[in-house]
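Reading through the structure tokens given below for one structure.
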Amino acid sequence: MAAGIFLLLGACSGGGGHENSEAPRVVSPVPVEKPARVGLIVPLSGPHAAIGQRMRDAARLALPDNQPPSMDVFDSAQPAGPAQAARQALEAGDGIVLGPLTAGDTQAVASVLQPANVPELAFTSDVTQARPGVWVMGLTPEQQVRRLVDAARLDGRKHFAAFLPDTALGHSMGEGLTLACQEAGLDVPQVMFHGDSIDDITQKMAQLSRRPSAAASGSASSSQAGDGPSAADPMNEDGGAAVSAPSGAQASGSGTSGSTVNPPPFDALLLGDTGLELARVIVALKNDQLLVPQVRILGPMLWRSFDGKLGDLRGAWYVAFDERQRRGYVQSYQNAYHQKPSPVADFAYDAAALAGALIRQNKLDVATLTQPKGYIGVNGLFHLRLDGRMTRALGIYQIAPGGGSQLIVPASRDLTSSSSLSASSSGAAPVSSAGVADVPVWSPRRQAQGTGSSDVAVWSPARQARPAAVRVQPVP
């Protein structure tokens, strides 16, 4: 406006007062572009308020109030609903929105943000909400299954099947297995869903493994145990005699004249049960001789909390985060808020730190969000895919004899190389300064020091503890 007034006054005073002097031109001021802000939509009231408040605290730990960019926090449980929270975020000028928590709220928020081309990093674990522009940050069954398939393939497994509970979790794992096999160019896996009863479990397990119906009966352990490799004692801890086999039973290949049990049509089997149902599944596995080494049993992260009771599945694999990876973040959270973060708060921290790093570097765009190398989060490496799904570099744990587990494949530091996903049953991969290429990282210490301005990533306990990032050496 000042520039326009100046030009107008100059035109009135110049030109010697001639009537045909040029008309004044008003020059519009150049708009000053405001820096992008971050919006956070979580439940701050209602039944999920405690979870939402911890997520808000984790996000604030990643984006302190005294450092850019600014973060606006909205309650997804407000009377007007999550869609109104999304509209408030747009009005505030937020260039990216983190949250909300549930699948239903994610859909409502996406309906507002997508027409405005504002990216959304949602905390739900419902992969059906994933789409271009809406990323599912929660740990999904699909992410776990894809990691298991990658590791099992490098273990030499080529034929996959699944025996899963007829629940939402089971169906999600089945869909994840089908997708992972399709992406890997493998045959379509056979997926069998079962009920809770022992009869349904044993009958369907026999059907899946193409065993005679007698193998699915309660007497199968005595009639079949000596006809093939010992299922009850795959580690040969009892001198070659199967625990459930009758006296004198021997394993296949020992020179007996007994018939040999044909191998099943798969060499890797995905399970998803817990509790009593898992115990019944284990009985069926023994009856049909479907344990390691003939079949690699694969399981979900849920097994982490009770793997000490899974000695009968010795040799089986499951995926999990490495708790050592998040120690630095947990300590920072405890120092700030005097309590431990909830697991879902990890995703809020990752999302906020990622958004902040991209905004500070003026790289808040889809190409950078989905860069192939991914980002280091509090639980390890993750990659945002163009379709809204995520890939996580989870660790592979193996059930030990007597229960418990051992980390045999640390989470990869390179999602672009399949060699970094290989497994070794001899033990954990060594940590070395050699190996895969370093992934750009970000940590509170580096931010405070003003270093790493070219970094685009999230959190690295390794760099927080020491100058150089730890690299995991691929297992030969």
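Order determines the names: the first chain of the structure tokens is A, the second B, and so forth; residues in each chain are numbered 1 upward, and ligands are numbered 1 upward as they are shown.
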Residues of stretch 161-185 of chain A within 6 Å of stretch 193-206 of chain A: nearest atom pair and distance (Å, one decimal) for each, counting only C-alpha atoms, sorted by chain and number, as CSV?
residue,atom,partner,partner_atom,distance
A:Phe163,CA,A:Phe193,CA,5.9
A:Leu164,CA,A:Phe193,CA,4.9
A:Pro165,CA,A:His194,CA,5.2
A:Asp166,CA,A:Phe193,CA,5.1
With N, CA, C and O atoms kept, could you save the residues just selected as a JSON list (two decimals), in the first residue's frame?
[["chain", "number", "residue", "atom", "x", "y", "z"],
["A", 163, "PHE", "N", -2.39, -70.16, 8.83],
["A", 163, "PHE", "CA", -3.44, -70.78, 9.64],
["A", 163, "PHE", "C", -3.80, -69.76, 10.71],
["A", 163, "PHE", "O", -3.06, -69.58, 11.67],
["A", 164, "LEU", "N", -4.91, -69.07, 10.51],
["A", 164, "LEU", "CA", -5.19, -67.86, 11.26],
["A", 164, "LEU", "C", -6.57, -67.88, 11.91],
["A", 164, "LEU", "O", -7.50, -68.54, 11.40],
["A", 165, "PRO", "N", -6.73, -67.16, 13.01],
["A", 165, "PRO", "CA", -8.06, -67.07, 13.64],
["A", 165, "PRO", "C", -9.03, -66.30, 12.75],
["A", 165, "PRO", "O", -8.63, -65.38, 12.02],
["A", 166, "ASP", "N", -10.28, -66.70, 12.80],
["A", 166, "ASP", "CA", -11.31, -66.06, 12.00],
["A", 166, "ASP", "C", -11.76, -64.77, 12.69],
["A", 166, "ASP", "O", -12.89, -64.63, 13.15]]
Polymer residues at most 6 Å from stretch 109-116 of chain A, only C-alpha atoms, same-chain spacing of 2 or more positions, as a PDB file with all heavy atoms, in the first residue's frame:
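Full text of out15.pdb as output:
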ATOM      1  N   PRO A  82     -14.016 -34.989  14.661  1.00  0.00           N
ATOM      2  CA  PRO A  82     -12.675 -34.876  14.078  1.00  0.00           C
ATOM      3  C   PRO A  82     -12.642 -34.077  12.783  1.00  0.00           C
ATOM      4  O   PRO A  82     -11.629 -33.451  12.465  1.00  0.00           O
ATOM      5  CB  PRO A  82     -12.272 -36.331  13.850  1.00  0.00           C
ATOM      6  CG  PRO A  82     -13.560 -37.092  13.778  1.00  0.00           C
ATOM      7  CD  PRO A  82     -14.489 -36.396  14.704  1.00  0.00           C
ATOM      8  N   ALA A  83     -13.738 -34.084  12.012  1.00  0.00           N
ATOM      9  CA  ALA A  83     -13.749 -33.309  10.768  1.00  0.00           C
ATOM     10  C   ALA A  83     -13.611 -31.815  11.070  1.00  0.00           C
ATOM     11  O   ALA A  83     -12.918 -31.090  10.349  1.00  0.00           O
ATOM     12  CB  ALA A  83     -15.023 -33.586   9.980  1.00  0.00           C
ATOM     13  N   ALA A  86     -10.092 -31.008  11.757  1.00  0.00           N
ATOM     14  CA  ALA A  86      -9.338 -30.892  10.515  1.00  0.00           C
ATOM     15  C   ALA A  86      -9.561 -29.528   9.865  1.00  0.00           C
ATOM     16  O   ALA A  86      -8.619 -28.915   9.347  1.00  0.00           O
ATOM     17  CB  ALA A  86      -9.731 -32.009   9.558  1.00  0.00           C
ATOM     18  N   THR A 106      -9.777 -41.159  11.311  1.00  0.00           N
ATOM     19  CA  THR A 106      -8.859 -40.945  10.185  1.00  0.00           C
ATOM     20  C   THR A 106      -9.626 -40.692   8.902  1.00  0.00           C
ATOM     21  O   THR A 106      -9.282 -39.798   8.115  1.00  0.00           O
ATOM     22  CB  THR A 106      -7.940 -42.169  10.018  1.00  0.00           C
ATOM     23  OG1 THR A 106      -7.143 -42.326  11.195  1.00  0.00           O
ATOM     24  CG2 THR A 106      -7.031 -42.010   8.805  1.00  0.00           C
ATOM     25  N   GLN A 107     -10.661 -41.452   8.681  1.00  0.00           N
ATOM     26  CA  GLN A 107     -11.475 -41.273   7.475  1.00  0.00           C
ATOM     27  C   GLN A 107     -12.142 -39.907   7.458  1.00  0.00           C
ATOM     28  O   GLN A 107     -12.199 -39.240   6.417  1.00  0.00           O
ATOM     29  CB  GLN A 107     -12.525 -42.385   7.403  1.00  0.00           C
ATOM     30  CG  GLN A 107     -13.302 -42.423   6.104  1.00  0.00           C
ATOM     31  CD  GLN A 107     -14.182 -43.656   6.004  1.00  0.00           C
ATOM     32  OE1 GLN A 107     -14.348 -44.393   6.963  1.00  0.00           O
ATOM     33  NE2 GLN A 107     -14.732 -43.889   4.824  1.00  0.00           N
ATOM     34  N   VAL A 118      -3.424 -31.552   1.747  1.00  0.00           N
ATOM     35  CA  VAL A 118      -2.614 -31.504   2.967  1.00  0.00           C
ATOM     36  C   VAL A 118      -2.345 -32.933   3.416  1.00  0.00           C
ATOM     37  O   VAL A 118      -3.275 -33.698   3.638  1.00  0.00           O
ATOM     38  CB  VAL A 118      -3.337 -30.720   4.083  1.00  0.00           C
ATOM     39  CG1 VAL A 118      -2.580 -30.832   5.401  1.00  0.00           C
ATOM     40  CG2 VAL A 118      -3.479 -29.258   3.682  1.00  0.00           C
TER      41      VAL A 118
END
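Nearest to A:Gln190 of all the residues A:Gln129, A:Gln371, A:Ser209, A:Asn262 is A:Ser209, counting only C-alpha atoms.
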Here atom CA of A:Gly52 and atom CA of A:Ala36 stand apart by 23.2 Å
